[in-house]
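J.: I am sharing upload-v8.cif, which consists of mmCIF, C-alpha atoms:
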```cif
data_input
loop_
_atom_site.label_atom_id
_atom_site.label_comp_id
_atom_site.auth_asym_id
_atom_site.auth_seq_id
_atom_site.Cartn_x
_atom_site.Cartn_y
_atom_site.Cartn_z
CA MET Q 15 41.36 -89.12 271.79
CA ALA Q 16 38.71 -86.73 270.66
CA VAL Q 17 40.89 -84.10 269.08
CA SER Q 18 38.83 -82.40 266.44
CA ILE Q 19 40.20 -81.21 263.12
CA ASP Q 20 39.00 -78.66 260.67
CA PRO Q 21 41.15 -78.83 257.51
CA ILE Q 22 39.15 -76.04 255.87
CA HIS Q 23 39.81 -73.53 258.65
CA GLN Q 24 43.13 -72.47 257.10
CA PHE Q 25 41.30 -71.06 254.06
CA GLU Q 26 39.02 -68.74 255.99
CA LEU Q 27 39.35 -65.06 255.23
CA GLN Q 28 40.13 -62.91 258.23
CA PRO Q 29 39.34 -59.23 257.85
CA LEU Q 30 42.20 -57.13 259.16
CA VAL Q 31 40.85 -53.64 258.52
CA SER Q 32 37.17 -53.04 257.88
CA LEU Q 33 36.43 -50.56 255.11
CA GLY Q 34 32.66 -50.37 255.51
CA HIS Q 35 29.70 -52.27 254.16
CA ILE Q 36 27.84 -52.76 250.90
CA GLY Q 37 24.44 -54.07 251.89
CA ASN Q 38 25.14 -56.92 254.27
CA GLN Q 39 28.51 -57.66 252.76
CA GLN Q 40 31.45 -56.39 254.71
CA LEU Q 41 34.20 -54.74 252.72
CA ALA Q 42 37.50 -55.45 254.37
CA PHE Q 43 41.23 -55.58 253.87
CA THR Q 44 41.75 -59.29 254.50
CA GLN Q 45 44.85 -61.33 255.11
CA SER Q 46 44.46 -62.49 251.51
CA ALA Q 47 45.00 -58.95 250.28
CA LEU Q 48 47.92 -58.59 252.66
CA TYR Q 49 49.58 -61.67 251.16
CA MET Q 50 49.02 -60.32 247.66
CA PHE Q 51 50.72 -57.06 248.60
CA ALA Q 52 53.55 -59.05 250.16
CA ALA Q 53 53.92 -61.07 246.95
CA VAL Q 54 54.07 -57.92 244.85
CA GLY Q 55 56.66 -56.52 247.25
CA ILE Q 56 58.80 -59.65 246.98
CA ILE Q 57 58.55 -59.66 243.19
CA ALA Q 58 59.50 -55.98 243.01
CA LEU Q 59 62.42 -56.63 245.33
CA LEU Q 60 63.55 -59.60 243.27
CA THR Q 61 63.21 -58.05 239.83
CA ILE Q 62 64.00 -54.39 240.42
CA VAL Q 63 66.37 -54.24 243.34
CA ALA Q 64 68.27 -57.45 242.58
CA THR Q 65 68.95 -56.43 239.00
CA SER Q 66 69.67 -52.78 239.72
CA GLY Q 67 73.38 -53.55 239.95
CA ARG Q 68 73.32 -54.70 236.31
CA SER Q 69 76.61 -56.45 236.83
CA VAL Q 70 77.95 -58.50 233.95
CA VAL Q 71 78.68 -61.38 236.30
CA PRO Q 72 75.41 -61.59 238.23
CA GLY Q 73 75.17 -62.17 241.94
CA ARG Q 74 72.86 -64.79 243.41
CA LEU Q 75 69.63 -62.77 243.35
CA GLN Q 76 70.33 -61.26 239.97
CA ALA Q 77 71.06 -64.71 238.54
CA LEU Q 78 67.75 -65.96 239.95
CA ALA Q 79 65.81 -63.06 238.47
CA GLU Q 80 67.54 -63.44 235.12
CA THR Q 81 66.91 -67.20 235.04
CA LEU Q 82 63.20 -66.72 235.71
CA TYR Q 83 62.98 -63.98 233.11
CA GLU Q 84 64.77 -66.00 230.43
CA PHE Q 85 62.65 -69.04 231.23
CA ILE Q 86 59.41 -67.16 230.64
CA ALA Q 87 60.82 -65.31 227.64
CA ASP Q 88 61.67 -68.69 226.10
CA THR Q 89 58.19 -70.06 226.83
CA VAL Q 90 56.46 -67.03 225.35
CA HIS Q 91 58.68 -67.08 222.29
CA GLN Q 92 57.97 -70.76 221.64
CA ALA Q 93 54.22 -70.35 222.01
CA THR Q 94 53.60 -67.07 220.20
CA GLY Q 95 56.54 -66.49 217.88
CA ALA Q 96 58.42 -63.26 217.39
CA ASP Q 97 55.51 -60.82 217.63
CA GLY Q 98 54.35 -62.27 220.95
CA LYS Q 99 57.11 -60.34 222.67
CA ARG Q 100 54.73 -57.50 223.53
CA PHE Q 101 52.87 -59.87 225.87
CA LEU Q 102 55.98 -60.90 227.76
CA PRO Q 103 55.42 -58.35 230.60
CA LEU Q 104 51.89 -59.68 231.14
CA VAL Q 105 52.89 -63.34 231.14
CA PHE Q 106 55.94 -62.71 233.31
CA SER Q 107 53.90 -60.73 235.86
CA LEU Q 108 51.23 -63.45 236.03
CA PHE Q 109 53.87 -66.17 236.38
CA MET Q 110 55.73 -64.39 239.17
CA PHE Q 111 52.52 -63.48 240.98
CA VAL Q 112 51.20 -67.04 240.96
CA LEU Q 113 54.59 -68.54 241.75
CA ILE Q 114 55.30 -66.30 244.73
CA LEU Q 115 51.76 -66.69 246.10
CA ASN Q 116 51.99 -70.48 245.78
CA LEU Q 117 55.36 -70.56 247.52
CA LEU Q 118 54.21 -68.14 250.24
CA GLY Q 119 51.32 -70.54 250.86
CA MET Q 120 53.81 -73.33 251.54
CA ILE Q 121 55.21 -71.55 254.60
CA PRO Q 122 53.69 -73.16 257.72
CA TYR Q 123 50.77 -71.12 259.13
CA ALA Q 124 50.76 -68.92 256.04
CA PHE Q 125 47.68 -68.36 253.94
CA ALA Q 126 47.49 -69.76 250.40
CA VAL Q 127 45.85 -67.00 248.35
CA THR Q 128 45.62 -69.13 245.19
CA SER Q 129 43.41 -71.65 247.03
CA HIS Q 130 40.52 -69.24 246.48
CA LEU Q 131 38.67 -69.75 243.22
CA ILE Q 132 37.76 -66.09 242.86
CA VAL Q 133 41.43 -65.06 242.86
CA THR Q 134 42.46 -67.56 240.20
CA PHE Q 135 39.33 -66.85 238.17
CA GLY Q 136 40.14 -63.15 238.28
CA LEU Q 137 43.61 -63.88 236.92
CA ALA Q 138 42.15 -66.14 234.22
CA LEU Q 139 39.67 -63.42 233.26
CA VAL Q 140 42.54 -60.97 232.79
CA VAL Q 141 44.10 -63.42 230.34
CA ILE Q 142 40.91 -64.18 228.40
CA LEU Q 143 39.80 -60.54 228.24
CA THR Q 144 43.25 -59.61 226.93
CA VAL Q 145 42.91 -62.28 224.25
CA VAL Q 146 39.41 -61.16 223.22
CA ILE Q 147 40.02 -57.41 223.33
CA TYR Q 148 43.39 -57.55 221.61
CA GLY Q 149 42.15 -60.08 219.06
CA VAL Q 150 39.08 -58.02 218.14
CA ALA Q 151 41.04 -54.77 218.07
CA LYS Q 152 43.74 -56.20 215.84
CA HIS Q 153 41.75 -58.52 213.56
CA GLY Q 154 38.16 -57.27 213.82
CA THR Q 155 35.63 -59.89 212.71
CA HIS Q 156 38.52 -61.93 211.42
CA PHE Q 157 39.11 -62.90 215.05
CA LEU Q 158 36.09 -65.19 214.78
CA GLY Q 159 38.37 -67.47 212.77
CA VAL Q 160 39.40 -68.84 216.17
CA PHE Q 161 36.15 -70.80 216.13
CA VAL Q 162 36.65 -72.28 212.67
CA PRO Q 163 39.25 -75.06 212.68
CA SER Q 164 41.17 -75.28 209.43
CA GLY Q 165 41.19 -78.35 207.23
CA VAL Q 166 37.75 -79.53 208.30
CA PRO Q 167 35.11 -80.53 205.69
CA LYS Q 168 32.22 -78.05 205.37
CA PRO Q 169 29.40 -80.27 206.80
CA LEU Q 170 31.50 -81.06 209.87
CA LEU Q 171 31.80 -77.34 210.65
CA LEU Q 172 28.16 -77.48 211.78
CA ILE Q 173 29.33 -79.57 214.74
CA MET Q 174 32.86 -78.26 215.11
CA VAL Q 175 32.04 -74.57 215.46
CA PRO Q 176 29.78 -75.02 218.54
CA ILE Q 177 32.39 -77.32 220.05
CA GLU Q 178 35.10 -74.73 219.46
CA ILE Q 179 32.92 -72.02 221.03
CA VAL Q 180 32.29 -74.08 224.16
CA SER Q 181 35.98 -75.00 224.15
CA PHE Q 182 36.91 -71.32 224.10
CA LEU Q 183 34.51 -70.57 226.95
CA SER Q 184 35.94 -73.46 228.95
CA ARG Q 185 39.42 -71.93 228.86
CA PRO Q 186 39.09 -69.48 231.77
CA ILE Q 187 37.35 -72.22 233.74
CA SER Q 188 40.09 -74.78 233.20
CA LEU Q 189 42.79 -72.17 233.78
CA SER Q 190 41.35 -71.10 237.13
CA VAL Q 191 39.99 -74.42 238.39
CA ARG Q 192 43.30 -76.19 237.77
CA LEU Q 193 45.33 -73.79 239.88
CA PHE Q 194 42.75 -73.43 242.63
CA ALA Q 195 41.99 -77.17 242.89
CA ASN Q 196 45.64 -78.20 243.01
CA ILE Q 197 46.52 -75.77 245.76
CA LEU Q 198 43.34 -76.39 247.79
CA ALA Q 199 43.57 -80.18 247.56
CA GLY Q 200 47.26 -80.16 248.36
CA HIS Q 201 46.86 -78.06 251.49
CA ILE Q 202 43.91 -80.10 252.74
CA ALA Q 203 45.78 -83.37 252.15
CA LEU Q 204 48.82 -82.01 254.01
CA LYS Q 205 46.67 -80.93 256.95
CA ILE Q 206 44.85 -84.25 257.21
CA PHE Q 207 47.95 -86.43 257.01
CA ALA Q 208 49.80 -84.25 259.48
CA PHE Q 209 46.83 -84.56 261.81
CA PHE Q 210 47.01 -88.36 261.61
CA VAL Q 211 50.37 -88.13 263.36
CA VAL Q 212 48.80 -86.31 266.31
CA GLN Q 213 45.81 -88.61 266.39
CA LEU Q 214 47.99 -91.74 266.48
CA LEU Q 215 50.26 -90.29 269.17
CA VAL Q 216 47.37 -89.65 271.56
CA ALA Q 217 45.88 -93.10 270.91
CA GLY Q 218 48.21 -95.02 273.20
CA ALA Q 219 49.83 -98.08 271.63
CA TRP Q 220 48.88 -96.96 268.13
CA GLY Q 221 51.54 -94.28 268.50
CA VAL Q 222 54.02 -96.83 267.15
CA LEU Q 223 52.49 -96.25 263.73
CA SER Q 224 52.81 -92.47 263.82
CA PRO Q 225 56.06 -92.30 261.76
CA LEU Q 226 54.11 -93.60 258.76
CA PRO Q 227 51.89 -90.55 258.23
CA LEU Q 228 54.85 -88.37 259.22
CA ALA Q 229 56.87 -89.78 256.33
CA LEU Q 230 53.92 -89.29 254.04
CA THR Q 231 53.54 -85.69 255.18
CA ILE Q 232 57.18 -85.01 254.38
CA ALA Q 233 56.79 -86.58 250.94
CA LEU Q 234 53.61 -84.59 250.33
CA THR Q 235 55.37 -81.38 251.30
CA ALA Q 236 57.99 -82.02 248.63
CA LEU Q 237 55.23 -82.81 246.15
CA GLU Q 238 53.42 -79.59 247.04
CA PHE Q 239 56.53 -77.54 246.32
CA LEU Q 240 56.69 -79.20 242.91
CA VAL Q 241 52.99 -78.51 242.34
CA ALA Q 242 53.40 -74.88 243.43
CA ALA Q 243 56.11 -74.25 240.84
CA LEU Q 244 54.52 -76.40 238.16
CA GLN Q 245 51.12 -74.77 238.40
CA ALA Q 246 52.68 -71.33 237.98
CA TYR Q 247 54.52 -72.65 234.93
CA VAL Q 248 51.37 -74.22 233.47
CA PHE Q 249 49.45 -70.99 234.05
CA ALA Q 250 52.12 -69.02 232.21
CA THR Q 251 52.38 -71.49 229.33
CA LEU Q 252 48.64 -71.59 228.78
CA THR Q 253 48.46 -67.81 228.93
CA ALA Q 254 51.06 -67.69 226.16
CA VAL Q 255 49.20 -70.34 224.14
CA TYR Q 256 45.91 -68.48 224.40
CA LEU Q 257 47.58 -65.18 223.53
CA ALA Q 258 48.95 -66.86 220.41
CA ASP Q 259 45.32 -67.23 219.33
CA ALA Q 260 44.81 -63.50 219.65
CA LEU Q 261 47.85 -62.87 217.44
CA HIS Q 262 47.06 -65.52 214.82
CA PRO Q 263 43.34 -66.34 214.98
CA GLY Q 264 43.17 -68.54 211.87
CA HIS Q 265 44.76 -71.57 213.64
CA MET X 2 53.10 -52.89 227.06
CA SER X 3 56.14 -52.96 224.86
CA GLY X 4 58.89 -51.75 227.16
CA ASP X 5 61.94 -53.73 228.09
CA PRO X 6 60.65 -55.56 231.17
CA SER X 7 63.97 -56.87 232.41
CA GLY X 8 65.31 -53.42 233.04
CA LYS X 9 68.62 -54.62 231.75
CA GLY X 10 68.73 -52.62 228.56
CA SER X 11 70.92 -49.58 228.57
CA GLY X 12 69.08 -48.06 225.61
CA PRO X 13 66.30 -45.46 225.73
CA GLU X 14 64.06 -46.03 228.75
CA LYS X 15 60.93 -44.71 227.07
CA ALA X 16 59.27 -47.77 225.47
CA PRO X 17 61.21 -48.67 222.33
CA ALA X 18 59.10 -50.03 219.46
CA ASP X 19 58.79 -53.78 219.10
CA GLY X 20 60.63 -53.80 215.81
CA ASP X 21 63.47 -51.82 217.31
CA LEU X 22 63.73 -54.18 220.26
CA SER X 23 63.74 -57.34 218.16
CA ALA X 24 66.28 -55.82 215.80
CA ARG X 25 68.57 -55.09 218.74
CA LEU X 26 68.05 -58.58 220.13
CA LYS X 27 68.81 -60.16 216.75
CA ARG X 28 71.99 -58.14 216.45
CA LEU X 29 73.02 -59.23 219.93
CA GLU X 30 72.28 -62.84 219.08
CA THR X 31 74.46 -62.82 216.01
CA GLN X 32 77.23 -61.22 218.02
CA LEU X 33 76.90 -63.85 220.71
CA GLU X 34 76.80 -66.65 218.17
CA GLY X 35 80.31 -65.90 217.08
CA LYS X 36 81.67 -66.03 220.63
CA ARG X 37 79.74 -69.09 221.78
CA PRO X 38 81.50 -72.41 221.09
CA SER X 39 78.65 -74.91 220.63
CA ALA X 40 75.78 -74.07 222.94
CA ALA X 41 73.77 -72.44 220.16
CA SER X 42 73.08 -75.66 218.33
CA ASP X 43 70.96 -77.29 221.06
CA ARG X 44 68.61 -74.33 221.46
CA PRO X 45 65.99 -75.24 218.84
CA ALA X 46 66.16 -78.93 219.75
CA ARG X 47 64.16 -78.59 222.96
CA THR X 48 61.02 -77.06 221.56
CA GLY X 49 59.17 -80.39 221.46
CA THR X 50 57.75 -82.61 224.16
CA SER X 51 61.00 -83.96 225.56
CA GLY X 52 62.55 -83.00 228.85
CA GLY X 53 61.89 -80.57 231.66
CA ALA X 54 58.57 -79.38 233.01
CA ALA X 55 56.67 -79.45 229.71
CA PRO X 56 55.37 -83.06 229.81
CA LEU X 57 54.52 -82.82 233.50
CA GLY X 58 52.61 -79.64 232.85
CA GLN X 59 50.76 -81.32 230.03
CA ALA X 60 49.78 -84.21 232.29
CA MET X 61 48.42 -81.73 234.82
CA ARG X 62 46.24 -80.19 232.13
CA LEU X 63 44.42 -83.33 230.99
CA SER X 64 41.92 -83.79 233.81
CA THR X 65 40.91 -80.16 234.22
CA GLU X 66 40.54 -79.63 230.47
CA PHE X 67 37.87 -82.32 230.47
CA ILE X 68 36.08 -81.06 233.58
CA ALA X 69 36.17 -77.47 232.31
CA GLY X 70 34.43 -78.50 229.10
CA VAL X 71 31.57 -80.11 231.01
CA ILE X 72 31.28 -77.17 233.42
CA ALA X 73 31.27 -74.65 230.57
CA GLY X 74 28.53 -76.63 228.83
CA GLY X 75 26.50 -76.80 232.02
CA ILE X 76 26.79 -73.06 232.71
CA LEU X 77 25.88 -72.23 229.11
CA GLY X 78 22.88 -74.59 229.32
CA TYR X 79 21.71 -72.93 232.52
CA ILE X 80 22.00 -69.47 230.99
CA VAL X 81 20.18 -70.51 227.80
CA ASP X 82 17.36 -72.10 229.82
CA HIS X 83 17.11 -69.03 231.99
CA LEU X 84 16.98 -66.62 229.05
CA PHE X 85 14.69 -68.50 226.68
CA GLY X 86 12.60 -70.53 229.13
CA THR X 87 13.40 -73.83 227.43
CA LYS X 88 13.66 -75.46 230.82
CA PRO X 89 15.30 -78.87 230.45
CA TRP X 90 16.42 -78.82 226.81
CA GLY X 91 19.12 -76.19 226.82
CA MET X 92 20.82 -77.90 229.75
CA ILE X 93 20.54 -81.36 228.17
CA VAL X 94 21.88 -80.37 224.77
CA LEU X 95 24.63 -78.07 226.01
CA LEU X 96 25.77 -80.46 228.75
CA MET X 97 26.23 -83.12 226.06
CA LEU X 98 28.02 -80.58 223.88
CA GLY X 99 30.19 -79.73 226.88
CA PHE X 100 30.99 -83.41 227.31
CA VAL X 101 32.04 -83.64 223.66
CA THR X 102 34.10 -80.48 224.11
CA GLY X 103 35.81 -81.96 227.14
CA ILE X 104 36.88 -85.02 225.17
CA TYR X 105 37.93 -82.80 222.26
CA ASN X 106 40.02 -80.69 224.65
CA VAL X 107 41.74 -83.78 226.05
CA MET X 108 42.44 -85.08 222.55
CA ARG X 109 43.93 -81.73 221.63
CA VAL X 110 46.17 -81.55 224.70
CA SER X 111 47.38 -85.12 224.28
CA GLY X 112 48.08 -84.48 220.59
CA PHE X 113 45.54 -86.92 219.14
CA SER X 114 43.97 -84.43 216.78
CA GLY X 115 47.26 -83.50 215.19
CA LYS X 116 47.55 -79.87 216.23
CA LYS X 117 49.03 -78.72 219.48
CA ASN X 118 47.09 -76.12 221.35
#
```
Could you spell out this file's structure in structure tokens?

T.:
Amino acid sequence: MAVSIDPIHQFELQPLVSLGHIGNQQLAFTQSALYMFAAVGIIALLTIVATSGRSVVPGRLQALAETLYEFIADTVHQATGADGKRFLPLVFSLFMFVLILNLLGMIPYAFAVTSHLIVTFGLALVVILTVVIYGVAKHGTHFLGVFVPSGVPKPLLLIMVPIEIVSFLSRPISLSVRLFANILAGHIALKIFAFFVVQLLVAGAWGVLSPLPLALTIALTALEFLVAALQAYVFATLTAVYLADALHPGH
Amino acid sequence: MSGDPSGKGSGPEKAPADGDLSARLKRLETQLEGKRPSAASDRPARTGTSGGAAPLGQAMRLSTEFIAGVIAGGILGYIVDHLFGTKPWGMIVLLMLGFVTGIYNVMRVSGFSGKKN
């Protein structure tokens, strides 16, 4: 009856190799880092090895890699126009990284790296810093035109410019919180509903009801796969949209 | 940053210029156009809001765009209060500004304000 559950336990970092200390903070190679290296390995395998044949009629893996590439190339082209092509490597890398990490997290007993806010915020910072640095380098002070919406009467600018500034600052927050919250909430929900099955089974006659949460868990698993792919897509699209601002700051 | 990321190109491996790359792609496109029966015509049609993952992705954005505005306002308010010692006022004003920004963000994502961003 009294089986305890800790749905947060799956997100705990486990240091694998300790690298020393800074103050009281341990520096360690955690399982999170291991999963990131694994993701990079899988991506390299998929994009480099699978396409190394360069056959005209692609095999399965090559077709997969080409589909993903074309999908992101399309997205970037739609958001940024012709001169956004230089950002395609960045957007594609971010998309693949997030996608593979999300999908790796869906494997039972695996660790979901993107459920940590600091990881997603780091990725979002890469995007925003690219926008700011590239925008300032290319347009100089003209880049500040991002904060001045066009077609707005002069007196209204007094209100609109602060709003646009806060809006710009909210971008890395929304970019990172969305990904992190979706993955975290999804994994916790899965864990809790799956645990209901166990709890009902050990509660005697109530065990008759246990197929209900089981069905829900299966449905949630499907939903989580959708969320995993969709969040990677949303991350990539928004990256492209924000980069469009760096290319054309005047709205 | 400007190399051919797909690794499919058989041209020079050392980072062709952007203009060169797009010129090659355009040439390829016109060549393909002639051989393709009708698939080319539906390409530009799916730039809008219809079909695929785009609307779902947009729906996912709405809630966090709002929350992010409020959080950004709150953080800014905290920083301003900390720097200038204007204890409650920076937080009050900027939290309200963040709230307005959140609603503005949602309006922009849902297309109310006319421009898509």

J.: List the spatial neighbours of Ile147 (chain Q) as a PyMOL selection string - criterion: any atom at most 12 Å away, only C-alpha atoms, same-chain residues fewer than 6 positions off excluded.

T.: chain Q and resi 139-141+153-155+157+257+259-261

J.: Select, as a ChimeraX atom specification, those residues of chain Q with any atom no more than 9 Å from chain X (distances computed using all atoms listed in the file).

T.: /Q:61-62,65-66,68,79-80,83,92,96-97,99-104,106,176-178,180-181,183-189,191-192,244-245,247-248,251-252,255-256

J.: What does the structure give for the distance between CA of Thr89 (chain Q) and CA of Ala258 (chain Q), in Å to one decimal?

T.: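 Answer for the CA of Thr89 (chain Q) to CA of Ala258 (chain Q) separation: 11.7 Å.
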
J.: Grab the CA of Thr231 (chain Q) to CA of Ala203 (chain Q) distance for me, in Å with one decimal place.

T.: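 Taking CA of Thr231 (chain Q) and CA of Ala203 (chain Q), their separation equals 8.6 Å.
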
J.: For the file shown, report as a list in words the outcome of the PyMOL selection byres ((chain X and resi 91) around 10) at residue level.

T.: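 Expected selection for the PyMOL selection byres ((chain X and resi 91) around 10) here is Gly74, Gly75, Leu77, Gly78, Tyr79, Ile80, Val81, Asp82, His83, Phe85, Gly86, Thr87, Lys88, Pro89, Trp90, Met92, Ile93, Val94, Leu95, Leu96 and Met97 of chain X.
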
J.: Do you have the CA of Ala138 (chain Q)-CA of Leu108 (chain Q) distance handy?

T.: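 Pair CA of Ala138 (chain Q) / CA of Leu108 (chain Q) returns 9.6 Å.
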
J.: For Ile22 (chain Q), list every protein, DNA or RNA residue within 12 Å, evaluated using only C-alpha atoms, and leave out those in the same chain fewer than 4 positions away; present the list as an MDAnalysis selection string.

T.: chainID Q and resid 26:27 125:126 129:130 198:206

J.: Find the residue from Q:Leu118, Q:Ala250, Q:Leu230, Q:Val162 that sits nearest to Phe209 (chain Q); use all atoms listed in the file when measuring.

T.: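 Ranking Q:Leu118, Q:Ala250, Q:Leu230, Q:Val162 by distance to Phe209 (chain Q), first place goes to Q:Leu230.
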
J.: Pick the closest to Pro122 (chain Q) from Q:Met174, Q:Val146, Q:Ala208, Q:Ala195: which is it, counting only C-alpha atoms?

T.: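 Answer, going by the shortest atom-to-atom distance: Q:Ala208.
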
J.: Any chance you could model N, CA and C atoms for region 58-76 of chain X and send them as a tab-separated table (two decimals), in the frame of the given file?

T.:
```
chain	number	residue	atom	x	y	z
X	58	GLY	N	53.65	-80.65	232.94
X	58	GLY	CA	52.61	-79.64	232.85
X	58	GLY	C	51.46	-80.09	232.00
X	59	GLN	N	51.79	-80.81	230.91
X	59	GLN	CA	50.76	-81.32	230.03
X	59	GLN	C	49.89	-82.34	230.76
X	60	ALA	N	50.54	-83.20	231.56
X	60	ALA	CA	49.78	-84.21	232.29
X	60	ALA	C	48.81	-83.56	233.26
X	61	MET	N	49.28	-82.44	233.88
X	61	MET	CA	48.42	-81.73	234.82
X	61	MET	C	47.18	-81.15	234.13
X	62	ARG	N	47.34	-80.86	232.84
X	62	ARG	CA	46.24	-80.19	232.13
X	62	ARG	C	45.09	-81.13	231.84
X	63	LEU	N	45.41	-82.42	231.58
X	63	LEU	CA	44.42	-83.33	230.99
X	63	LEU	C	43.10	-83.36	231.75
X	64	SER	N	43.16	-83.59	233.06
X	64	SER	CA	41.92	-83.79	233.81
X	64	SER	C	41.07	-82.52	233.84
X	65	THR	N	41.71	-81.39	234.11
X	65	THR	CA	40.91	-80.16	234.22
X	65	THR	C	40.35	-79.71	232.88
X	66	GLU	N	41.08	-80.02	231.78
X	66	GLU	CA	40.54	-79.63	230.47
X	66	GLU	C	39.19	-80.31	230.25
X	67	PHE	N	39.11	-81.58	230.65
X	67	PHE	CA	37.87	-82.32	230.47
X	67	PHE	C	36.75	-81.74	231.35
X	68	ILE	N	37.08	-81.57	232.64
X	68	ILE	CA	36.08	-81.06	233.58
X	68	ILE	C	35.59	-79.68	233.15
X	69	ALA	N	36.54	-78.84	232.70
X	69	ALA	CA	36.17	-77.47	232.31
X	69	ALA	C	35.20	-77.47	231.15
X	70	GLY	N	35.37	-78.42	230.22
X	70	GLY	CA	34.43	-78.50	229.10
X	70	GLY	C	33.02	-78.78	229.58
X	71	VAL	N	32.89	-79.75	230.49
X	71	VAL	CA	31.57	-80.11	231.01
X	71	VAL	C	30.97	-78.95	231.79
X	72	ILE	N	31.79	-78.29	232.62
X	72	ILE	CA	31.28	-77.17	233.42
X	72	ILE	C	30.82	-76.03	232.51
X	73	ALA	N	31.64	-75.74	231.48
X	73	ALA	CA	31.27	-74.65	230.57
X	73	ALA	C	29.95	-74.97	229.88
X	74	GLY	N	29.79	-76.24	229.45
X	74	GLY	CA	28.53	-76.63	228.83
X	74	GLY	C	27.36	-76.47	229.79
X	75	GLY	N	27.57	-76.90	231.03
X	75	GLY	CA	26.50	-76.80	232.02
X	75	GLY	C	26.10	-75.35	232.29
X	76	ILE	N	27.10	-74.47	232.44
X	76	ILE	CA	26.79	-73.06	232.71
X	76	ILE	C	26.05	-72.45	231.52
```
